[in-house]
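This is coords-v4.cif (mmCIF, C-alpha atoms).
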data_query
#
loop_
_atom_site.group_PDB
_atom_site.id
_atom_site.type_symbol
_atom_site.label_atom_id
_atom_site.label_comp_id
_atom_site.auth_asym_id
_atom_site.auth_seq_id
_atom_site.Cartn_x
_atom_site.Cartn_y
_atom_site.Cartn_z
ATOM 1 C CA MET R 1 0.000 0.000 0.000
ATOM 2 C CA PRO R 2 1.447 3.414 -0.929
ATOM 3 C CA ILE R 3 2.714 5.685 1.800
ATOM 4 C CA ASP R 4 1.675 9.317 2.014
ATOM 5 C CA PRO R 5 4.812 11.477 1.601
ATOM 6 C CA MET R 6 3.504 13.829 4.299
ATOM 7 C CA SER R 7 3.547 10.985 6.827
ATOM 8 C CA VAL R 8 7.263 10.479 6.086
ATOM 9 C CA ILE R 9 7.863 14.147 6.785
ATOM 10 C CA THR R 10 5.949 13.812 10.070
ATOM 11 C CA ILE R 11 8.023 10.771 11.071
ATOM 12 C CA LEU R 12 11.290 12.504 10.252
ATOM 13 C CA LYS R 13 10.213 15.671 12.067
ATOM 14 C CA ALA R 14 9.487 13.558 15.174
ATOM 15 C CA ALA R 15 12.970 12.033 14.867
ATOM 16 C CA ILE R 16 14.494 15.517 14.651
ATOM 17 C CA ASP R 17 12.489 16.593 17.697
ATOM 18 C CA SER R 18 13.752 13.528 19.567
ATOM 19 C CA ALA R 19 17.338 14.327 18.594
ATOM 20 C CA THR R 20 16.875 17.931 19.679
ATOM 21 C CA GLY R 21 15.477 16.787 23.026
ATOM 22 C CA LEU R 22 18.328 14.329 23.453
ATOM 23 C CA LYS R 23 20.860 17.053 22.727
ATOM 24 C CA LYS R 24 19.211 19.269 25.340
ATOM 25 C CA LEU R 25 19.332 16.476 27.946
ATOM 26 C CA ILE R 26 22.984 15.833 27.206
ATOM 27 C CA GLY R 27 23.702 19.550 27.595
ATOM 28 C CA GLU R 28 21.929 19.583 30.970
ATOM 29 C CA GLY R 29 23.991 16.610 32.106
ATOM 30 C CA LYS R 30 20.968 14.408 32.709
ATOM 31 C CA GLY R 31 21.666 10.836 33.800
ATOM 32 C CA ASP R 32 20.308 7.838 31.865
ATOM 33 C CA LEU R 33 19.624 8.734 28.251
ATOM 34 C CA SER R 34 19.197 5.192 26.921
ATOM 35 C CA GLY R 35 15.398 5.495 26.663
ATOM 36 C CA HIS R 36 15.714 8.676 24.614
ATOM 37 C CA VAL R 37 18.366 7.082 22.385
ATOM 38 C CA LEU R 38 16.103 4.052 21.785
ATOM 39 C CA GLU R 39 13.197 6.358 20.943
ATOM 40 C CA LEU R 40 15.368 8.245 18.469
ATOM 41 C CA GLN R 41 16.609 5.003 16.901
ATOM 42 C CA GLY R 42 13.031 3.764 16.544
ATOM 43 C CA ARG R 43 11.857 6.957 14.875
ATOM 44 C CA LEU R 44 14.831 6.997 12.503
ATOM 45 C CA THR R 45 14.255 3.340 11.614
ATOM 46 C CA GLU R 46 10.582 4.077 10.956
ATOM 47 C CA GLY R 47 11.579 7.033 8.794
ATOM 48 C CA LEU R 48 14.031 4.941 6.769
ATOM 49 C CA ALA R 49 11.415 2.237 6.230
ATOM 50 C CA ALA R 50 8.926 4.843 5.042
ATOM 51 C CA ILE R 51 11.491 6.369 2.660
ATOM 52 C CA SER R 52 12.318 2.922 1.312
ATOM 53 C CA THR R 53 8.622 2.316 0.633
ATOM 54 C CA LEU R 54 8.337 5.678 -1.119
ATOM 55 C CA ILE R 55 11.314 4.824 -3.319
ATOM 56 C CA GLN R 56 9.744 1.473 -4.272
ATOM 57 C CA ASP R 57 6.414 3.180 -4.996
ATOM 58 C CA ASN R 58 8.247 5.740 -7.115
ATOM 59 C CA HIS R 59 9.975 2.996 -9.125
ATOM 60 C CA GLN R 60 6.647 1.229 -9.694
ATOM 61 C CA LEU R 61 4.995 4.451 -10.813
ATOM 62 C CA ASN R 62 7.893 5.205 -13.169
ATOM 63 C CA ASP R 63 7.613 1.701 -14.652
ATOM 64 C CA GLU R 64 3.880 2.218 -15.128
ATOM 65 C CA ILE R 65 4.469 5.607 -16.769
ATOM 66 C CA ARG R 66 7.014 4.065 -19.174
ATOM 67 C CA SER R 67 4.589 1.260 -20.000
ATOM 68 C CA LEU R 68 1.729 3.687 -20.630
ATOM 69 C CA LYS R 69 3.932 5.912 -22.815
ATOM 70 C CA LYS R 70 4.910 2.846 -24.884
ATOM 71 C CA GLU R 71 1.256 1.861 -25.187
ATOM 72 C CA ILE R 72 0.374 5.390 -26.360
ATOM 73 C CA GLU R 73 3.184 5.267 -28.950
ATOM 74 C CA ASP R 74 1.965 1.889 -30.216
ATOM 75 C CA LEU R 75 -1.624 3.118 -30.467
ATOM 76 C CA ASP R 76 -0.481 6.286 -32.219
ATOM 77 C CA GLU R 77 1.456 4.218 -34.790
ATOM 78 C CA LYS R 78 -1.572 1.993 -35.383
ATOM 79 C CA PHE R 79 -3.817 5.032 -35.767
ATOM 80 C CA LYS R 80 -1.437 6.583 -38.305
ATOM 81 C CA PHE R 81 -1.234 3.280 -40.182
ATOM 82 C CA LYS R 82 -5.033 2.925 -40.153
ATOM 83 C CA GLU R 83 -5.354 6.319 -41.837
ATOM 84 C CA THR R 84 -3.326 4.992 -44.796
ATOM 85 C CA LEU R 85 -5.332 1.785 -45.318
ATOM 86 C CA VAL R 86 -7.436 1.052 -48.365
ATOM 87 C CA PHE R 87 -9.389 -2.199 -48.816
ATOM 88 C CA ARG R 88 -8.853 -3.638 -52.271
ATOM 89 C CA ASN R 89 -8.631 -7.159 -53.740
ATOM 90 C CA ASN R 90 -9.408 -8.953 -50.465
ATOM 91 C CA GLY R 91 -6.687 -7.211 -48.487
ATOM 92 C CA TYR R 92 -5.694 -3.937 -46.919
ATOM 93 C CA TRP R 93 -3.171 -1.841 -48.764
ATOM 94 C CA SER R 94 -1.267 1.012 -47.154
ATOM 95 C CA LYS R 95 -0.797 4.144 -49.219
ATOM 96 C CA GLN R 96 2.725 5.367 -48.491
ATOM 97 C CA GLY R 97 3.703 8.251 -50.680
ATOM 98 C CA ASP R 98 3.273 7.250 -54.321
ATOM 99 C CA GLN R 99 3.200 3.537 -53.564
ATOM 100 C CA GLU R 100 0.791 1.066 -52.070
ATOM 101 C CA VAL R 101 2.303 -1.486 -49.686
ATOM 102 C CA GLY R 102 0.621 -4.769 -48.902
ATOM 103 C CA PRO R 103 -1.622 -6.571 -48.965
ATOM 104 C CA PHE R 104 -2.159 -6.890 -45.211
ATOM 105 C CA CYS R 105 -4.403 -9.516 -43.667
ATOM 106 C CA THR R 106 -7.894 -8.217 -43.041
ATOM 107 C CA GLY R 107 -8.551 -10.722 -40.264
ATOM 108 C CA CYS R 108 -5.427 -9.879 -38.264
ATOM 109 C CA TRP R 109 -5.966 -6.144 -38.684
ATOM 110 C CA ASP R 110 -9.691 -6.180 -37.935
ATOM 111 C CA LYS R 111 -9.326 -8.379 -34.836
ATOM 112 C CA ASN R 112 -6.057 -7.225 -33.269
ATOM 113 C CA LYS R 113 -4.792 -4.286 -35.327
ATOM 114 C CA ASP R 114 -1.774 -6.404 -36.298
ATOM 115 C CA GLN R 115 0.023 -5.462 -39.529
ATOM 116 C CA VAL R 116 0.541 -8.888 -41.072
ATOM 117 C CA ARG R 117 1.403 -9.130 -44.746
ATOM 118 C CA PHE R 118 -0.004 -11.912 -46.834
ATOM 119 C CA LEU R 119 2.511 -14.327 -48.319
ATOM 120 C CA VAL R 120 2.016 -15.022 -52.015
ATOM 121 C CA LYS R 121 2.297 -18.338 -53.801
ATOM 122 C CA GLU R 122 1.891 -18.695 -57.530
ATOM 123 C CA ILE R 123 -0.699 -21.243 -58.546
ATOM 124 C CA TYR R 124 -1.860 -22.537 -61.945
ATOM 125 C CA ASP R 125 -4.318 -19.697 -62.627
ATOM 126 C CA GLY R 126 -3.216 -16.825 -60.409
ATOM 127 C CA HIS R 127 -1.843 -16.224 -56.931
ATOM 128 C CA LEU R 128 -2.697 -17.751 -53.588
ATOM 129 C CA TRP R 129 -2.360 -15.248 -50.751
ATOM 130 C CA ILE R 130 -1.901 -16.744 -47.267
ATOM 131 C CA CYS R 131 -1.690 -15.031 -43.889
ATOM 132 C CA PRO R 132 1.204 -16.585 -41.938
ATOM 133 C CA VAL R 133 -0.560 -15.848 -38.625
ATOM 134 C CA CYS R 134 -4.263 -16.669 -38.964
ATOM 135 C CA LYS R 135 -3.981 -18.721 -42.172
ATOM 136 C CA THR R 136 -6.608 -16.682 -44.042
ATOM 137 C CA GLU R 137 -6.346 -17.406 -47.773
ATOM 138 C CA PHE R 138 -7.620 -15.896 -50.995
ATOM 139 C CA ILE R 139 -6.901 -16.366 -54.675
ATOM 140 C CA SER R 140 -6.299 -13.541 -57.109
ATOM 141 C CA ARG R 141 -6.314 -14.044 -60.859
#

Would you kindly transcribe this structure into structure tokens?
Amino acid sequence: MPIDPMSVITILKAAIDSATGLKKLIGEGKGDLSGHVLELQGRLTEGLAAISTLIQDNHQLNDEIRSLKKEIEDLDEKFKFKETLVFRNNGYWSKQGDQEVGPFCTGCWDKNKDQVRFLVKEIYDGHLWICPVCKTEFISR
């Protein structure tokens, strides 16, 4: 569970207050300070644990941010690619400058937005186009 950064500040402020009080007691020549030292150690340990948790939370959030940025980039590329698509002769063709690239499998694109090119095989009266992923086939003459 994430830690509130303000609670870390509160913990560390309490540790500073304990250290200040300990310093004052030492200056006044008070006797047994072991209880105050233990209190200070406990507060500092609590503060370090809280900081460690914040650092882990920060790393997790940074990983999530990187993942989301990558997902946005991937979606942006797919959107740009989609804008270039034209359906013709049982496949999607991508208009890139003066040329059309493809054909791309309609099944793979429509289901998962995957850019999978058909493989072509010459047959007796035309071409057999086969998707290497979903195995969709069509014949062009």

Could you write out as a tab-separated table (two decimals) with C-alpha atoms, in the coordinates of the input the residues that the PyMOL selection byres ((chain R and resi 124-138) around 9) matches in the shown file?
chain	number	residue	atom	x	y	z
R	90	ASN	CA	-9.41	-8.95	-50.46
R	103	PRO	CA	-1.62	-6.57	-48.96
R	104	PHE	CA	-2.16	-6.89	-45.21
R	105	CYS	CA	-4.40	-9.52	-43.67
R	106	THR	CA	-7.89	-8.22	-43.04
R	107	GLY	CA	-8.55	-10.72	-40.26
R	108	CYS	CA	-5.43	-9.88	-38.26
R	116	VAL	CA	0.54	-8.89	-41.07
R	117	ARG	CA	1.40	-9.13	-44.75
R	118	PHE	CA	0.00	-11.91	-46.83
R	119	LEU	CA	2.51	-14.33	-48.32
R	120	VAL	CA	2.02	-15.02	-52.02
R	121	LYS	CA	2.30	-18.34	-53.80
R	122	GLU	CA	1.89	-18.70	-57.53
R	123	ILE	CA	-0.70	-21.24	-58.55
R	139	ILE	CA	-6.90	-16.37	-54.68
R	140	SER	CA	-6.30	-13.54	-57.11
R	141	ARG	CA	-6.31	-14.04	-60.86

I'd like to see the residues matched by the PyMOL selection byres ((chain R and resi 46) around 12) on this file, and ideally I'd get them as a ChimeraX atom specification.
/R:7-15,39-45,47-53

By how many Å are CA of Trp109 in chain R and CA of Lys82 in chain R apart?
9.2 Å

By how many Å are CA of Asp110 in chain R and CA of Asp98 in chain R apart?
24.8 Å

In Å, how far is it from CA of Gly102 in chain R to CA of Asp74 in chain R?
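Interatomic distance, CA of Gly102 in chain R to CA of Asp74 in chain R: 19.9 Å.
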
Pick out the closest residue to Thr84 in chain R from this set: R:Lys111, R:Ile72, R:Gly97, R:Ile55. Count only C-alpha atoms.
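Residue with the minimum atom-to-atom distance to Thr84 in chain R: R:Gly97.
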
As a PyMOL selection string, please: the residues near Val101 in chain R (cut-off 12 Å, all atoms listed in the file, same-chain neighbours under 4 positions excluded).
chain R and resi 81+84-88+91-97+115-118

Write the residues of the preceding selection, restricted to C-alpha atoms, as a CSV table (one decimal), keeping the file's coordinate frame.
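So the final result, stored in selection-v8.csv, reads:
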chain,number,residue,atom,x,y,z
R,81,PHE,CA,-1.2,3.3,-40.2
R,84,THR,CA,-3.3,5.0,-44.8
R,85,LEU,CA,-5.3,1.8,-45.3
R,86,VAL,CA,-7.4,1.1,-48.4
R,87,PHE,CA,-9.4,-2.2,-48.8
R,88,ARG,CA,-8.9,-3.6,-52.3
R,91,GLY,CA,-6.7,-7.2,-48.5
R,92,TYR,CA,-5.7,-3.9,-46.9
R,93,TRP,CA,-3.2,-1.8,-48.8
R,94,SER,CA,-1.3,1.0,-47.2
R,95,LYS,CA,-0.8,4.1,-49.2
R,96,GLN,CA,2.7,5.4,-48.5
R,97,GLY,CA,3.7,8.3,-50.7
R,115,GLN,CA,0.0,-5.5,-39.5
R,116,VAL,CA,0.5,-8.9,-41.1
R,117,ARG,CA,1.4,-9.1,-44.7
R,118,PHE,CA,0.0,-11.9,-46.8
